[in-house]
>>> print(open('my_file32.cif').read())   # mmCIF, C-alpha atoms
data_protein
#
loop_
_atom_site.label_atom_id
_atom_site.label_comp_id
_atom_site.auth_asym_id
_atom_site.auth_seq_id
_atom_site.Cartn_x
_atom_site.Cartn_y
_atom_site.Cartn_z
CA GLN I 260 -14.63 -3.55 -8.03
CA SER I 261 -10.85 -3.72 -8.26
CA VAL I 262 -9.18 -4.47 -11.60
CA VAL I 263 -7.04 -6.97 -9.71
CA THR I 264 -8.96 -9.64 -7.83
CA GLN I 265 -8.16 -11.89 -4.93
CA PRO I 266 -10.31 -14.43 -3.14
CA PRO I 267 -11.71 -12.80 0.00
CA SER I 268 -10.71 -15.69 2.20
CA ALA I 269 -8.46 -18.71 2.41
CA SER I 270 -7.75 -21.21 5.13
CA GLY I 271 -5.50 -24.09 6.06
CA THR I 272 -4.31 -26.16 8.97
CA PRO I 273 -0.86 -25.91 10.53
CA GLY I 274 1.79 -27.48 8.32
CA GLN I 275 -0.31 -27.27 5.18
CA ARG I 276 0.52 -25.41 1.98
CA VAL I 277 -1.84 -22.63 0.99
CA THR I 278 -1.92 -20.54 -2.16
CA ILE I 279 -3.55 -17.17 -2.67
CA SER I 280 -4.27 -15.99 -6.19
CA CYS I 281 -4.20 -12.53 -7.69
CA SER I 282 -5.88 -12.19 -11.09
CA GLY I 283 -5.69 -9.25 -13.43
CA GLY I 284 -5.30 -8.38 -17.06
CA SER I 285 -2.82 -7.55 -19.76
CA SER I 286 -2.44 -3.94 -18.66
CA ASN I 287 -1.48 -4.77 -15.10
CA ILE I 288 -0.25 -8.20 -14.02
CA GLY I 289 0.33 -9.23 -17.62
CA SER I 290 2.96 -6.55 -18.14
CA ASN I 291 4.23 -5.54 -14.73
CA TYR I 292 5.73 -6.93 -11.55
CA VAL I 293 3.53 -8.11 -8.71
CA TYR I 294 4.22 -7.34 -5.08
CA TRP I 295 2.73 -8.99 -2.00
CA TYR I 296 2.15 -7.62 1.48
CA GLN I 297 1.14 -9.23 4.74
CA GLN I 298 -0.94 -7.24 7.18
CA LEU I 299 -1.41 -8.36 10.76
CA PRO I 300 -4.26 -6.76 12.73
CA GLU I 301 -3.67 -3.17 13.75
CA THR I 302 -0.35 -2.93 11.89
CA ALA I 303 0.89 -1.51 8.63
CA PRO I 304 1.33 -3.85 5.67
CA LYS I 305 4.67 -5.62 5.63
CA PRO I 306 6.44 -6.46 2.37
CA LEU I 307 6.49 -10.18 1.65
CA ILE I 308 7.35 -10.58 -2.04
CA TYR I 309 8.67 -8.09 -4.58
CA ARG I 310 9.10 -8.35 -8.34
CA ASN I 311 6.90 -11.45 -8.59
CA ASP I 312 9.08 -13.90 -6.71
CA GLN I 313 11.76 -12.13 -4.67
CA ARG I 314 11.78 -12.24 -0.88
CA PRO I 315 13.07 -9.32 1.18
CA SER I 316 15.64 -10.26 3.76
CA GLY I 317 14.01 -11.60 6.87
CA VAL I 318 11.02 -13.14 5.11
CA PRO I 319 11.04 -16.90 5.63
CA ALA I 320 11.53 -19.17 2.63
CA ARG I 321 8.09 -20.63 3.42
CA PHE I 322 6.70 -17.69 1.49
CA SER I 323 7.07 -17.77 -2.28
CA GLY I 324 5.60 -15.87 -5.18
CA SER I 325 5.02 -16.68 -8.81
CA LYS I 326 3.45 -15.14 -11.88
CA SER I 327 2.10 -16.60 -15.08
CA GLY I 328 0.38 -14.52 -17.72
CA THR I 329 -2.19 -12.29 -16.07
CA SER I 330 -2.23 -14.09 -12.72
CA ALA I 331 0.08 -14.27 -9.76
CA SER I 332 0.14 -16.45 -6.70
CA LEU I 333 1.48 -16.35 -3.19
CA ALA I 334 2.25 -19.71 -1.65
CA ILE I 335 2.78 -20.34 2.03
CA SER I 336 4.14 -23.73 2.99
CA GLY I 337 4.42 -25.18 6.47
CA LEU I 338 1.54 -22.98 7.59
CA ARG I 339 1.84 -21.52 11.08
CA SER I 340 -0.67 -19.84 13.36
CA GLU I 341 1.25 -16.57 13.08
CA ASP I 342 0.58 -16.55 9.33
CA GLU I 343 -3.05 -15.69 10.06
CA ALA I 344 -3.30 -12.27 8.46
CA GLU I 345 -4.61 -10.31 5.49
CA TYR I 346 -2.59 -10.64 2.28
CA TYR I 347 -2.60 -8.08 -0.52
CA CYS I 348 -1.18 -8.10 -4.01
CA VAL I 349 -0.38 -4.87 -5.83
CA THR I 350 0.87 -4.08 -9.30
CA TRP I 351 1.05 -1.20 -11.75
CA ASP I 352 -1.67 -0.70 -14.33
CA ASP I 353 -0.48 0.78 -17.61
CA SER I 354 -3.97 1.86 -18.68
CA LEU I 355 -4.71 3.67 -15.43
CA SER I 356 -1.10 4.82 -14.94
CA ALA I 357 -1.60 3.95 -11.31
CA PRO I 358 -0.93 1.23 -8.78
CA VAL I 359 -3.78 -1.21 -8.27
CA PHE I 360 -4.29 -3.29 -5.16
CA GLY I 361 -6.12 -6.54 -4.93
CA GLY I 362 -9.01 -6.58 -2.50
CA GLY I 363 -7.07 -8.62 0.03
CA THR I 364 -7.35 -12.22 1.22
CA LYS I 365 -8.00 -13.05 4.84
CA LEU I 366 -6.04 -16.17 5.73
CA THR I 367 -7.32 -18.22 8.62
CA VAL I 368 -5.19 -20.93 10.21
CA LEU I 369 -7.62 -23.54 11.51
CA GLU W 56 16.81 2.91 10.38
CA VAL W 57 14.12 4.12 8.00
CA GLN W 58 11.14 5.62 9.76
CA LEU W 59 7.96 7.21 8.47
CA VAL W 60 5.65 8.83 10.98
CA GLU W 61 2.27 10.18 9.93
CA SER W 62 0.39 12.78 11.90
CA GLY W 63 -2.54 15.13 11.51
CA GLY W 64 -5.39 12.67 11.45
CA GLY W 65 -8.56 13.19 13.43
CA LEU W 66 -12.26 13.90 13.27
CA VAL W 67 -13.39 16.42 10.67
CA GLN W 68 -16.77 17.45 9.32
CA PRO W 69 -17.78 16.80 5.72
CA GLY W 70 -16.69 19.59 3.41
CA ARG W 71 -13.83 20.68 5.64
CA SER W 72 -10.10 20.32 5.14
CA LEU W 73 -7.30 18.47 6.88
CA ARG W 74 -3.57 18.20 6.30
CA LEU W 75 -1.60 15.05 7.00
CA SER W 76 2.16 15.05 7.47
CA CYS W 77 4.65 12.27 7.03
CA ALA W 78 7.97 12.85 8.78
CA ALA W 79 10.75 10.74 7.34
CA SER W 80 14.14 9.79 8.73
CA GLY W 81 16.93 7.32 8.10
CA PHE W 82 17.29 7.85 4.36
CA ALA W 83 17.92 10.53 1.74
CA PHE W 84 14.34 11.76 1.59
CA GLY W 85 14.84 13.90 -1.49
CA ASP W 86 15.91 10.90 -3.57
CA TYR W 87 12.59 9.11 -3.30
CA ALA W 88 9.02 9.36 -4.47
CA MET W 89 6.52 9.35 -1.63
CA SER W 90 3.11 7.73 -1.84
CA TRP W 91 -0.09 7.72 0.16
CA VAL W 92 -2.41 4.75 0.47
CA ARG W 93 -5.58 4.55 2.52
CA GLN W 94 -7.40 1.63 4.04
CA THR W 95 -11.00 0.99 4.96
CA PRO W 96 -12.66 -2.23 6.09
CA ALA W 97 -14.94 -2.11 3.07
CA LYS W 98 -12.40 -1.33 0.33
CA GLY W 99 -9.13 -2.63 1.71
CA LEU W 100 -6.03 -0.79 0.49
CA GLU W 101 -6.60 2.05 -1.98
CA TRP W 102 -3.88 4.09 -3.63
CA VAL W 103 -4.38 7.83 -3.06
CA GLY W 104 -1.47 9.41 -4.89
CA PHE W 105 2.26 9.93 -5.10
CA ILE W 106 4.75 12.73 -5.56
CA ARG W 107 7.94 12.13 -7.48
CA SER W 108 11.34 13.24 -6.31
CA GLU W 109 12.52 16.66 -7.44
CA ALA W 110 15.07 14.92 -9.65
CA ASN W 111 12.11 13.38 -11.46
CA GLY W 112 10.20 16.60 -11.67
CA GLY W 113 8.45 16.58 -8.31
CA THR W 114 5.20 15.95 -10.15
CA THR W 115 2.13 14.38 -8.63
CA GLU W 116 -0.41 11.74 -9.59
CA TYR W 117 -3.75 11.12 -7.92
CA ALA W 118 -6.43 8.50 -7.80
CA ALA W 119 -9.62 9.53 -9.59
CA SER W 120 -11.52 9.43 -6.30
CA VAL W 121 -9.44 12.24 -4.81
CA LYS W 122 -8.25 14.21 -7.83
CA GLY W 123 -9.11 17.87 -7.52
CA ARG W 124 -9.66 17.60 -3.77
CA PHE W 125 -6.36 16.28 -2.45
CA THR W 126 -2.92 17.83 -2.97
CA LEU W 127 0.44 16.25 -2.34
CA SER W 128 3.54 18.26 -1.56
CA ARG W 129 6.95 17.75 -0.04
CA ASP W 130 9.56 19.67 1.88
CA ASP W 131 12.87 18.02 1.16
CA SER W 132 14.72 20.32 3.55
CA GLN W 133 12.60 19.01 6.43
CA SER W 134 12.09 15.46 5.07
CA ILE W 135 8.34 15.80 5.31
CA ALA W 136 5.62 14.80 2.87
CA TYR W 137 2.18 16.38 3.06
CA LEU W 138 -1.29 15.33 2.02
CA GLN W 139 -3.69 18.29 1.94
CA MET W 140 -7.26 17.04 1.88
CA SER W 141 -10.10 19.41 0.99
CA SER W 142 -13.84 19.06 0.46
CA LEU W 143 -13.71 15.92 2.56
CA LYS W 144 -16.43 13.35 2.15
CA ILE W 145 -17.66 10.67 4.51
CA GLU W 146 -16.17 8.07 2.18
CA ASP W 147 -12.70 9.57 2.78
CA THR W 148 -12.82 8.06 6.26
CA ALA W 149 -9.85 5.72 6.40
CA ILE W 150 -6.45 5.01 7.83
CA TYR W 151 -3.90 6.89 5.73
CA PHE W 152 -0.41 5.44 5.24
CA CYS W 153 2.59 7.18 3.78
CA ILE W 154 5.05 5.02 1.91
CA ARG W 155 8.52 5.47 0.55
CA ASP W 156 8.45 4.77 -3.20
CA ILE W 157 5.45 3.75 -5.27
CA PRO W 158 3.73 0.47 -4.35
CA GLY W 159 3.20 -1.73 -7.35
CA ALA W 160 5.82 0.08 -9.38
CA THR W 161 8.86 -0.23 -7.16
CA ARG W 162 9.91 -2.11 -4.08
CA ALA W 163 7.91 0.02 -1.64
CA HIS W 164 9.34 -1.55 1.48
CA TYR W 165 8.75 1.16 4.06
CA TRP W 166 5.35 2.21 5.35
CA GLY W 167 4.35 4.48 8.18
CA GLN W 168 2.10 3.25 10.96
CA GLY W 169 -0.89 5.12 9.56
CA THR W 170 -3.11 7.89 10.84
CA LEU W 171 -6.89 7.69 11.12
CA VAL W 172 -9.06 10.27 9.42
CA THR W 173 -12.74 10.24 10.32
CA VAL W 174 -15.11 12.39 8.29
CA SER W 175 -18.38 12.76 10.13
CA SER W 176 -20.87 15.41 11.14
#
>>> encode(input="my_file32.cif", output="structure tokens")
Amino acid sequence: QSVVTQPPSASGTPGQRVTISCSGGSSNIGSNYVYWYQQLPETAPKPLIYRNDQRPSGVPARFSGSKSGTSASLAISGLRSEDEAEYYCVTWDDSLSAPVFGGGTKLTVL
Amino acid sequence: EVQLVESGGGLVQPGRSLRLSCAASGFAFGDYAMSWVRQTPAKGLEWVGFIRSEANGGTTEYAASVKGRFTLSRDDSQSIAYLQMSSLKIEDTAIYFCIRDIPGATRAHYWGQGTLVTVSS
């Protein structure tokens, strides 16, 4: 059981806005940045959000990140079929002195 | 262009050893920490360990699940990071990714394509 939890699945229809949560505690999300990755099948994870809410160049503005207290969220607006992927959050845990990944959320575009 | 290419994966029996390599190019390898993360269908992404740059001591950190069995090293002259895996267990079966920087602590933007390690008798 990961110290950082994500819902195993999420879904939406094209054009919709979907949010994926990432919940932790005071030693991880509560005191450190959160990063988000998108993983398409058979590929390596691709960076989507860094430092809670920053987008790397090339990532569409449809993707946004936020953090409040011990939880973080990834929002995808204007959902597209190509957004169907696995999404992971990761942060540092001060108690473990290690990175901790969420379990991943499989996003299905209906 | 930054590139990370893992190699060395394959089928290995429980209890045996295997060494993975991560060949880096397109950046000043010696300036960066290098991490390893593995992925299984059951557990998703799991941090394995990282090795700091020599400027930061070149020290290593490991996940509890691999500590004492896995060893990270680096050859800055060749821009290669290594993951030596010993006393392999069936549960070590995974795709292993090498990553520039430390995911969760820094902007770990660059990942290799991964190499599959299968531990089976």
>>> closest_residue(input="my_file32.cif", among="W:Thr161, W:Gln133, W:Thr173, W:Ser120", to="I:Pro358", atoms="all atoms listed in the file")
W:Thr161
>>> interface_residues(input="my_file32.cif", of="chain W", to="chain I", cutoff="8 Å", atoms="only C-alpha atoms", output="MDAnalysis selection string")
chainID W and resid 98:102 118 152 157:160 162:164 166:169
>>> residues_around(input="my_file32.cif", residues="I:Ser286", least_positions_apart="4", cutoff="7 Å", atoms="only C-alpha atoms", output="ChimeraX atom specification")
/I:290,352-354
>>> resolve_selection(input="my_file32.cif", expression="the PyMOL selection byres ((chain W and resi 171) around 7)", output="JSON, numbers by chain")
{"W": [64, 65, 149, 150, 151, 169, 170, 172, 173]}
>>> atom_distance(input="my_file32.cif", atom1="atom CA of W:Gly70", atom2="atom CA of W:Lys144")
6.4 Å
>>> residues_near_point(input="my_file32.cif", point="(6.4, -16.0, -8.7)", cutoff="6 Å", atoms="all atoms listed in the file", output="ChimeraX atom specification")
/I:311-312,324-326
>>> resolve_selection(input="my_file32.cif", expression="the PyMOL selection byres ((chain W and resi 79-84) around 6)", output="count of residues only")
10
>>> residues_around(input="my_file32.cif", residues="stretch 270-276 of chain I", least_positions_apart="5", cutoff="6 Å", atoms="all atoms listed in the file", output="list in words")
Ile335, Ser336, Gly337, Leu338, Arg339, Leu366, Thr367, Val368 and Leu369 of chain I
>>> atom_distance(input="my_file32.cif", atom1="atom CA of I:Pro300", atom2="atom CA of I:Val318")
18.2 Å
>>> atom_distance(input="my_file32.cif", atom1="atom CA of W:Ser176", atom2="atom CA of W:Pro69")
6.4 Å
>>> residues_around(input="my_file32.cif", residues="W:Thr115", least_positions_apart="2", cutoff="7 Å", atoms="all atoms listed in the file", output="MDAnalysis selection string")
chainID W and resid 105:107 113 117 127
>>> residues_around(input="my_file32.cif", residues="W:Ser128", least_positions_apart="6", cutoff="7 Å", atoms="all atoms listed in the file", output="MDAnalysis selection string")
chainID W and resid 106 136:138
>>> closest_residue(input="my_file32.cif", among="I:Ala269, I:Leu333, I:Val263, I:Val277", to="I:Gln297", atoms="all atoms listed in the file")
I:Leu333
>>> decode(input="my_file32.cif", residues="stretch 336-352 of chain I", atoms="all heavy atoms", output="PDB file, in the first residue's frame")
ATOM      1  N   SER I 336      -8.649  19.318 -19.117  1.00  0.00           N
ATOM      2  CA  SER I 336      -9.853  19.897 -19.698  1.00  0.00           C
ATOM      3  C   SER I 336      -9.876  19.609 -21.198  1.00  0.00           C
ATOM      4  O   SER I 336      -8.845  19.272 -21.793  1.00  0.00           O
ATOM      5  CB  SER I 336      -9.888  21.407 -19.458  1.00  0.00           C
ATOM      6  OG  SER I 336      -8.751  22.025 -20.009  1.00  0.00           O
ATOM      7  N   GLY I 337     -11.060  19.710 -21.784  1.00  0.00           N
ATOM      8  CA  GLY I 337     -11.178  19.430 -23.205  1.00  0.00           C
ATOM      9  C   GLY I 337     -10.644  18.044 -23.544  1.00  0.00           C
ATOM     10  O   GLY I 337      -9.836  17.881 -24.459  1.00  0.00           O
ATOM     11  N   LEU I 338     -11.105  17.065 -22.789  1.00  0.00           N
ATOM     12  CA  LEU I 338     -10.596  15.696 -22.901  1.00  0.00           C
ATOM     13  C   LEU I 338     -10.575  15.204 -24.343  1.00  0.00           C
ATOM     14  O   LEU I 338     -11.522  15.432 -25.119  1.00  0.00           O
ATOM     15  CB  LEU I 338     -11.462  14.780 -22.041  1.00  0.00           C
ATOM     16  CG  LEU I 338     -10.873  13.434 -21.617  1.00  0.00           C
ATOM     17  CD1 LEU I 338      -9.617  13.614 -20.778  1.00  0.00           C
ATOM     18  CD2 LEU I 338     -11.938  12.637 -20.852  1.00  0.00           C
ATOM     19  N   ARG I 339      -9.473  14.524 -24.689  1.00  0.00           N
ATOM     20  CA  ARG I 339      -9.330  13.963 -26.029  1.00  0.00           C
ATOM     21  C   ARG I 339      -9.049  12.475 -25.931  1.00  0.00           C
ATOM     22  O   ARG I 339      -8.548  11.997 -24.905  1.00  0.00           O
ATOM     23  CB  ARG I 339      -8.184  14.639 -26.770  1.00  0.00           C
ATOM     24  CG  ARG I 339      -8.357  16.114 -27.031  1.00  0.00           C
ATOM     25  CD  ARG I 339      -7.203  16.648 -27.845  1.00  0.00           C
ATOM     26  NE  ARG I 339      -7.368  18.067 -28.143  1.00  0.00           N
ATOM     27  CZ  ARG I 339      -6.545  18.762 -28.922  1.00  0.00           C
ATOM     28  NH1 ARG I 339      -5.495  18.164 -29.455  1.00  0.00           N
ATOM     29  NH2 ARG I 339      -6.752  20.037 -29.141  1.00  0.00           N
ATOM     30  N   SER I 340      -9.308  11.764 -27.010  1.00  0.00           N
ATOM     31  CA  SER I 340      -9.086  10.314 -27.004  1.00  0.00           C
ATOM     32  C   SER I 340      -7.630   9.972 -26.731  1.00  0.00           C
ATOM     33  O   SER I 340      -7.321   8.969 -26.079  1.00  0.00           O
ATOM     34  CB  SER I 340      -9.535   9.700 -28.325  1.00  0.00           C
ATOM     35  OG  SER I 340      -8.824  10.285 -29.407  1.00  0.00           O
ATOM     36  N   GLU I 341      -6.723  10.834 -27.183  1.00  0.00           N
ATOM     37  CA  GLU I 341      -5.297  10.545 -26.985  1.00  0.00           C
ATOM     38  C   GLU I 341      -4.838  10.759 -25.542  1.00  0.00           C
ATOM     39  O   GLU I 341      -3.689  10.464 -25.207  1.00  0.00           O
ATOM     40  CB  GLU I 341      -4.430  11.386 -27.926  1.00  0.00           C
ATOM     41  CG  GLU I 341      -4.610  12.873 -27.790  1.00  0.00           C
ATOM     42  CD  GLU I 341      -5.524  13.436 -28.878  1.00  0.00           C
ATOM     43  OE1 GLU I 341      -6.513  12.756 -29.247  1.00  0.00           O
ATOM     44  OE2 GLU I 341      -5.246  14.568 -29.340  1.00  0.00           O
ATOM     45  N   ASP I 342      -5.737  11.272 -24.693  1.00  0.00           N
ATOM     46  CA  ASP I 342      -5.410  11.428 -23.281  1.00  0.00           C
ATOM     47  C   ASP I 342      -5.599  10.119 -22.521  1.00  0.00           C
ATOM     48  O   ASP I 342      -5.247  10.032 -21.339  1.00  0.00           O
ATOM     49  CB  ASP I 342      -6.287  12.508 -22.634  1.00  0.00           C
ATOM     50  CG  ASP I 342      -6.072  13.879 -23.253  1.00  0.00           C
ATOM     51  OD1 ASP I 342      -4.962  14.141 -23.781  1.00  0.00           O
ATOM     52  OD2 ASP I 342      -7.020  14.689 -23.221  1.00  0.00           O
ATOM     53  N   GLU I 343      -6.139   9.114 -23.190  1.00  0.00           N
ATOM     54  CA  GLU I 343      -6.340   7.816 -22.532  1.00  0.00           C
ATOM     55  C   GLU I 343      -4.970   7.226 -22.227  1.00  0.00           C
ATOM     56  O   GLU I 343      -4.186   6.904 -23.129  1.00  0.00           O
ATOM     57  CB  GLU I 343      -7.161   6.889 -23.430  1.00  0.00           C
ATOM     58  CG  GLU I 343      -7.587   5.613 -22.731  1.00  0.00           C
ATOM     59  CD  GLU I 343      -8.741   4.923 -23.439  1.00  0.00           C
ATOM     60  OE1 GLU I 343      -9.878   5.419 -23.377  1.00  0.00           O
ATOM     61  OE2 GLU I 343      -8.488   3.867 -24.061  1.00  0.00           O
ATOM     62  N   ALA I 344      -4.678   7.105 -20.947  1.00  0.00           N
ATOM     63  CA  ALA I 344      -3.344   6.726 -20.497  1.00  0.00           C
ATOM     64  C   ALA I 344      -3.389   6.467 -19.000  1.00  0.00           C
ATOM     65  O   ALA I 344      -4.424   6.633 -18.344  1.00  0.00           O
ATOM     66  CB  ALA I 344      -2.339   7.842 -20.802  1.00  0.00           C
ATOM     67  N   GLU I 345      -2.239   6.082 -18.469  1.00  0.00           N
ATOM     68  CA  GLU I 345      -2.062   5.941 -17.020  1.00  0.00           C
ATOM     69  C   GLU I 345      -1.382   7.211 -16.526  1.00  0.00           C
ATOM     70  O   GLU I 345      -0.448   7.720 -17.160  1.00  0.00           O
ATOM     71  CB  GLU I 345      -1.192   4.728 -16.717  1.00  0.00           C
ATOM     72  CG  GLU I 345      -1.178   4.278 -15.284  1.00  0.00           C
ATOM     73  CD  GLU I 345      -2.275   3.265 -14.951  1.00  0.00           C
ATOM     74  OE1 GLU I 345      -2.769   2.608 -15.882  1.00  0.00           O
ATOM     75  OE2 GLU I 345      -2.634   3.144 -13.768  1.00  0.00           O
ATOM     76  N   TYR I 346      -1.841   7.722 -15.391  1.00  0.00           N
ATOM     77  CA  TYR I 346      -1.278   8.949 -14.829  1.00  0.00           C
ATOM     78  C   TYR I 346      -0.744   8.661 -13.424  1.00  0.00           C
ATOM     79  O   TYR I 346      -1.424   8.041 -12.604  1.00  0.00           O
ATOM     80  CB  TYR I 346      -2.330  10.060 -14.778  1.00  0.00           C
ATOM     81  CG  TYR I 346      -2.725  10.517 -16.162  1.00  0.00           C
ATOM     82  CD1 TYR I 346      -3.707   9.844 -16.884  1.00  0.00           C
ATOM     83  CD2 TYR I 346      -2.099  11.612 -16.763  1.00  0.00           C
ATOM     84  CE1 TYR I 346      -4.054  10.245 -18.169  1.00  0.00           C
ATOM     85  CE2 TYR I 346      -2.431  12.019 -18.036  1.00  0.00           C
ATOM     86  CZ  TYR I 346      -3.404  11.328 -18.732  1.00  0.00           C
ATOM     87  OH  TYR I 346      -3.734  11.729 -20.020  1.00  0.00           O
ATOM     88  N   TYR I 347       0.464   9.125 -13.170  1.00  0.00           N
ATOM     89  CA  TYR I 347       1.120   8.891 -11.887  1.00  0.00           C
ATOM     90  C   TYR I 347       1.531  10.208 -11.248  1.00  0.00           C
ATOM     91  O   TYR I 347       2.057  11.093 -11.928  1.00  0.00           O
ATOM     92  CB  TYR I 347       2.380   8.048 -12.057  1.00  0.00           C
ATOM     93  CG  TYR I 347       2.145   6.620 -12.467  1.00  0.00           C
ATOM     94  CD1 TYR I 347       2.117   6.259 -13.808  1.00  0.00           C
ATOM     95  CD2 TYR I 347       1.967   5.618 -11.512  1.00  0.00           C
ATOM     96  CE1 TYR I 347       1.907   4.941 -14.188  1.00  0.00           C
ATOM     97  CE2 TYR I 347       1.762   4.297 -11.880  1.00  0.00           C
ATOM     98  CZ  TYR I 347       1.732   3.976 -13.225  1.00  0.00           C
ATOM     99  OH  TYR I 347       1.522   2.669 -13.600  1.00  0.00           O
ATOM    100  N   CYS I 348       1.332  10.293  -9.942  1.00  0.00           N
ATOM    101  CA  CYS I 348       1.923  11.390  -9.186  1.00  0.00           C
ATOM    102  C   CYS I 348       3.133  10.838  -8.423  1.00  0.00           C
ATOM    103  O   CYS I 348       3.218   9.640  -8.134  1.00  0.00           O
ATOM    104  CB  CYS I 348       0.931  12.024  -8.218  1.00  0.00           C
ATOM    105  SG  CYS I 348       0.292  10.916  -6.934  1.00  0.00           S
ATOM    106  N   VAL I 349       4.060  11.713  -8.129  1.00  0.00           N
ATOM    107  CA  VAL I 349       5.235  11.321  -7.348  1.00  0.00           C
ATOM    108  C   VAL I 349       5.687  12.526  -6.543  1.00  0.00           C
ATOM    109  O   VAL I 349       5.577  13.673  -6.984  1.00  0.00           O
ATOM    110  CB  VAL I 349       6.371  10.790  -8.255  1.00  0.00           C
ATOM    111  CG1 VAL I 349       6.825  11.826  -9.251  1.00  0.00           C
ATOM    112  CG2 VAL I 349       7.546  10.271  -7.420  1.00  0.00           C
ATOM    113  N   THR I 350       6.170  12.258  -5.348  1.00  0.00           N
ATOM    114  CA  THR I 350       6.676  13.316  -4.492  1.00  0.00           C
ATOM    115  C   THR I 350       7.769  12.736  -3.608  1.00  0.00           C
ATOM    116  O   THR I 350       8.037  11.532  -3.635  1.00  0.00           O
ATOM    117  CB  THR I 350       5.530  13.902  -3.628  1.00  0.00           C
ATOM    118  OG1 THR I 350       6.018  15.025  -2.873  1.00  0.00           O
ATOM    119  CG2 THR I 350       4.984  12.857  -2.655  1.00  0.00           C
ATOM    120  N   TRP I 351       8.400  13.573  -2.836  1.00  0.00           N
ATOM    121  CA  TRP I 351       9.429  13.132  -1.902  1.00  0.00           C
ATOM    122  C   TRP I 351       8.791  12.935  -0.531  1.00  0.00           C
ATOM    123  O   TRP I 351       7.915  13.710  -0.133  1.00  0.00           O
ATOM    124  CB  TRP I 351      10.536  14.177  -1.818  1.00  0.00           C
ATOM    125  CG  TRP I 351      11.681  13.765  -0.951  1.00  0.00           C
ATOM    126  CD1 TRP I 351      11.884  14.106   0.361  1.00  0.00           C
ATOM    127  CD2 TRP I 351      12.776  12.932  -1.321  1.00  0.00           C
ATOM    128  NE1 TRP I 351      13.041  13.532   0.827  1.00  0.00           N
ATOM    129  CE2 TRP I 351      13.607  12.804  -0.184  1.00  0.00           C
ATOM    130  CE3 TRP I 351      13.137  12.268  -2.493  1.00  0.00           C
ATOM    131  CZ2 TRP I 351      14.782  12.049  -0.196  1.00  0.00           C
ATOM    132  CZ3 TRP I 351      14.305  11.528  -2.505  1.00  0.00           C
ATOM    133  CH2 TRP I 351      15.116  11.425  -1.369  1.00  0.00           C
ATOM    134  N   ASP I 352       9.232  11.897   0.169  1.00  0.00           N
ATOM    135  CA  ASP I 352       8.753  11.692   1.525  1.00  0.00           C
ATOM    136  C   ASP I 352       9.889  11.930   2.512  1.00  0.00           C
ATOM    137  O   ASP I 352      10.911  11.247   2.459  1.00  0.00           O
ATOM    138  CB  ASP I 352       8.207  10.266   1.691  1.00  0.00           C
ATOM    139  CG  ASP I 352       7.476  10.097   3.014  1.00  0.00           C
ATOM    140  OD1 ASP I 352       8.162  10.060   4.052  1.00  0.00           O
ATOM    141  OD2 ASP I 352       6.248  10.015   3.010  1.00  0.00           O
TER     142      ASP I 352
END
